[in-house]
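Trainee: First the structure, which I've put down as structure tokens, then a few questions once you've had a look.
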There are 2 protein chains.
Amino acid sequence: MSPALTDEASPLPIALSLGDPAGIGPEVIAAAWAQKDSAALAPFFVAGSAAILAQAAAAAGHDISIAVISDPLEAIVAFDMGLPVLELEQDPQDYAPGNPCEAGAKLALASLQSAAQLVLAQKAGALATAPVAKGLLANIGFAFPGQTEFLAHACGVDAQDAVMMLAGPQLRTVPLTVHCALADVPGRLSQALICRRARILAAALTDDFGIVSPRIAVAGLNPHAGEDGAFGDEEIRIIAPAIAALRAAGIDATGPYPADALFAPHARGKYDAAVCMYHDQALIPIKALDFDAGVNVTLGLPIIRTSPDHGTAFDIAGQKIARPGAMIAAIRMAGECAARRGL
Amino acid sequence: MSPALTDEASPLPIALSLGDPAGIGPEVIAAAWAQKDSAALAPFFVAGSAAILAQAAAAAGHDISIAVISDPLEAIVAFDMGLPVLELEQDPQDYAPGNPCEAGAKLALASLQSAAQLVLAQKAGALATAPVAKGLLANIGFAFPGQTEFLAHACGVDAQDAVMMLAGPQLRTVPLTVHCALADVPGRLSQALICRRARILAAALTDDFGIVSPRIAVAGLNPHAGEDGAFGDEEIRIIAPAIAALRAAGIDATGPYPADALFAPHARGKYDAAVCMYHDQALIPIKALDFDAGVNVTLGLPIIRTSPDHGTAFDIAGQKIARPGAMIAAIRMAGECAARRGL
């Protein structure tokens, strides 16, 4: 292979979905483009609406240009001149920040579908999704609990194998259970679940994060990881056997560790990602440490997908106070993962 | 009252228990004395053994003097010359760091009893306890789950009203349940428990921490605080009514808040302490943020009691690697609380 081919091959642009137009998605996307140089962001484009992005940028105080494109590849050149937008077939509406509506949910869904299809068709290198309102999507017939399940379906992957990882500058965590009552968590854990997710995690840490021999720390469920069964036996019945099985399969998994100590400063450097048993065990440390830069990465899909670790935040949309740090981090991480896959 | 009496009244010294002599207690106490000037620590003494403290200091590389005293008040003057030690009636033994034994547990218990009695007798202003090994204490007939329950009993307080608070420079948290399986947590929560602990917390924040109108944030149990009952109803059945009852009683309690967002940087400044539903919900953020300076304070006792938020750490005792930050923070906080009570 000649040097010219490897050095000069243009990477594909990153595709962004717009998110709910009444949320903070459009304004943090505009802010990300405005900070593209200082944040060293690779070229990206939005599958969405130039009018909405211009309006959101103005409301949020970001002085940006918009570059309407007709093909994702045009984003590479257009990116320096303006925020590249691939216009969707959609009547422009007057979406008011903070006032979500059905038309906005439809546009958010059209944007997600379009951006995902472009990545699947290899016209874009990765997907970064802005936040949607799940309840509003359900109202318009969206049959998935969230964007992740939609994307798993679009990729032909079992939703159980689309693994959520939260990644910040100081920590990566994978919650094994998410939106269920805390009382239901113990019953949802199984050796098979831990092994399946940890294997996907290990592969992704190598393929997309460049970690040759990933170290996976597995948290206990109970305080002090149950203290040898003194309070709770899930560590003994489920977690420790899963770790043993993973190790037998050549994966560097260790634990179960007491969750309170696992995220302390001196512990964090000893693993590449922590497998957590429930939502808040994974989310509390990420948000305490890396609130403005937390990225939600979906592992186990054939495509790369990231999103900022925050919601639509309708309550602060258009008020010049939404912080774009997590969106910027999501776009940057999408670009880095795509580069590792040579996209 | 003459100015001379208020200005020149010497505060009482802080009483320290030795902790298990084979753990890191003696060495972090020695380190705290060595750093007393830079850490601005008020005078303290140890109810223990000069020989063991000298040995632990030497093993850990701290060049300190020991000042044997026969009355706690002597500690005030002796403190500048050496680490004041009130010798207990105890044959000196050769306690090896990292190798706990029955005699060591007996000494740890004698030290705890002595230090507590001196504080109860108002010969010391506050108690800071070094870590003990609960299992070893149980082996010698200690009938309490831990030091806190022992102290509650010694003070004539119901153990349910001895409230553990974790306090670091960035955060204070109170776990409502501690050493029980996660599966048992939902069943242990009640409106009465929340209200009882929150009232003790509010009073202590005022009396011992000088916060005139304490703001108490109450965490939810379930992810997203249950999202209006979508996953888990403890917020609706138990936590929200408890908050309403507290507010009706004039306590500035708010919530239930989603636990993952409650410890994020911008949220932490909005309350003085967070009431948490379970051990790791309270401990994960404290240890992630303030690992080396986390103090365990027992509220609701007639005496002031603090301890470092770590255990005996037998595995690192005597190896020059134990960090004294939490012990120093515990001694400092004990002194600050005593000063607020005018002790």
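Each chain of the structure tokens is named A, B, ... in the order shown, its residues numbered from 1; ligands are numbered from 1 in display order.
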Env of A:Ser38: 12 Å cut, atoms = only C-alpha atoms, seq-sep filter 6 positions within chain, self excluded. Answer as a list in words.

Mentor: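 The residues that qualify are Ala31, Ala32, Ile328 and Arg332 of chain A.
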
Trainee: What parts of stretch 9-229 of chain A does DSSP call alpha helix (DSSP H)? I'd like the answer as a ChimeraX atom specification.

Mentor: /A:25-34,50-60,74-78,102-120,134-139,147-154,185-188,191-207

Trainee: Show me, as a compact mmCIF listing (two decimals) with C-alpha atoms, in the first residue's frame, the residues that have an atom within 9 Å of stretch 131-147 of chain A when counting only C-alpha atoms, minus same-chain residues fewer than 4 positions from it.

Mentor:
# COMPACT_ATOMS: atom_id res chain seq x y z
CA SER A 17 -28.91 13.25 14.69
CA LEU A 18 -30.67 16.44 15.65
CA GLY A 19 -32.45 15.20 18.77
CA ASP A 20 -35.75 16.74 19.82
CA PRO A 21 -35.77 20.22 18.26
CA GLY A 23 -34.54 20.34 23.61
CA ILE A 24 -30.95 21.40 23.98
CA GLY A 25 -29.74 19.08 21.18
CA PRO A 100 -41.88 19.93 22.66
CA CYS A 101 -44.55 18.90 20.17
CA GLU A 102 -45.51 15.98 17.98
CA GLY A 104 -40.70 17.85 16.72
CA ALA A 105 -40.75 14.21 17.76
CA LYS A 106 -41.34 13.23 14.13
CA ALA A 108 -36.19 13.83 15.75
CA LEU A 109 -37.12 10.35 14.57
CA LEU A 112 -32.21 9.47 13.79
CA LEU A 151 -30.34 1.17 16.54
CA ALA A 152 -29.82 -2.44 17.62
CA SER A 307 -24.38 10.22 22.67
CA PRO A 308 -24.03 12.84 25.37
CA ASP A 309 -24.92 11.54 28.83
CA HIS A 310 -27.81 13.95 29.32
CA GLY A 311 -31.41 14.31 28.23
CA THR A 312 -33.37 16.84 26.21
CA ALA A 313 -33.33 19.29 29.16

Trainee: Just want the 8 Å neighbourhood of A:Ile69, counted on only C-alpha atoms, with same-chain residues fewer than 2 positions away dropped. Output as an NGL selection string.

Mentor: :A and (67 or 71-72 or 74-75 or 78 or 84-87)

Trainee: Would you mind reading off the distance between atom CA of B:Leu182 and atom CA of A:Ala267, one decimal, in Å?

Mentor: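 We find that atom CA of B:Leu182 and atom CA of A:Ala267 lie 22.7 Å from each other.
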
Trainee: If I take atom CA of B:Ala273 and atom CA of B:Pro302, how far is one from the other in Å, to one decimal?

Mentor: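 If I compute the distance from atom CA of B:Ala273 to atom CA of B:Pro302, I get 20.5 Å.
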
Trainee: Determine, counting only C-alpha atoms, which protein, DNA and RNA residues have an atom within 12 Å of an atom of A:Asp228; residues of the same chain fewer than 3 positions away are not included. Present the result as an MDAnalysis selection string.

Mentor: (chainID A and resid 220 222:225 231:237 240 256:258) or (chainID B and resid 181)

Trainee: Please report as a tab-separated table every residue of chain A lying within 7 Å of chain B, along with the nearest atom pair and their distance in Å (one decimal), using only C-alpha atoms.

Mentor:
residue	atom	partner	partner_atom	distance
A:His179	CA	B:Pro223	CA	6.4
A:Cys180	CA	B:Phe231	CA	5.1
A:Ala181	CA	B:Gly232	CA	4.4
A:Leu182	CA	B:Asn222	CA	5.2
A:Ala183	CA	B:Ala183	CA	6.0
A:Pro186	CA	B:Ala183	CA	6.4
A:Leu221	CA	B:Leu182	CA	6.9
A:Asn222	CA	B:Leu182	CA	5.2
A:Pro223	CA	B:His279	CA	6.2
A:Gly226	CA	B:Ala181	CA	7.0
A:Phe231	CA	B:Ala181	CA	4.5
A:Gly232	CA	B:Ala181	CA	4.4
A:Ala259	CA	B:Asp280	CA	6.6
A:Asp260	CA	B:Ile284	CA	4.2
A:Ala261	CA	B:Lys287	CA	6.4
A:Phe263	CA	B:Ala288	CA	5.1
A:Ala264	CA	B:Ala288	CA	4.2
A:Pro265	CA	B:Ala288	CA	6.3
A:His279	CA	B:Pro223	CA	6.2
A:Asp280	CA	B:Asp260	CA	5.6
A:Leu283	CA	B:Asp260	CA	5.4
A:Ile284	CA	B:Asp260	CA	4.2
A:Pro285	CA	B:Pro285	CA	6.1
A:Lys287	CA	B:Ala264	CA	5.2
A:Ala288	CA	B:Ala264	CA	4.2
A:Phe291	CA	B:Ala264	CA	6.0

Trainee: Name the residues in contact with B:Met165 at a cut-off of 6 Å, using only C-alpha atoms, excluding same-chain residues fewer than 2 positions from it; report them as a list in words.

Mentor: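 Near neighbours after the sequence-gap exclusion: Thr173, Val174, Asn296 and Val297 of chain B.
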
Trainee: Excluding stretch 199-211 of chain A and its own-chain neighbours fewer than 4 positions away, which residues fall within 9 Å of it when counting only C-alpha atoms? Please give them as a list in words.

Mentor: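 So the residues in contact are Asp161, Ala162, Val163, Met165, Val174, Ile194, Cys195, Arg215, Ile216, Leu246, Ile251, Asp252, Asp272, Ala273, Val275, Leu299, Gly300, Ile304, Glu336, Cys337, Ala338, Ala339, Arg340 and Arg341 of chain A.
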
Trainee: Please, what distance in Å, to one decimal, runs between atom CA of A:Lys123 and atom CA of A:Ile64?

Mentor: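 For atom CA of A:Lys123 relative to atom CA of A:Ile64, the distance reads 24.9 Å.
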
Trainee: Could you check the closest approach to A:Val295 for each of A:Ser111, A:Gln93, A:Gln160, A:Thr129 and tell me which residue wins, using only C-alpha atoms?

Mentor: A:Thr129

Trainee: Could you please write out, as an MDAnalysis selection string, every residue of stretch 171-233 of chain A that DSSP assigns to strand (DSSP E or B)?

Mentor: chainID A and resid 172:175 215:219
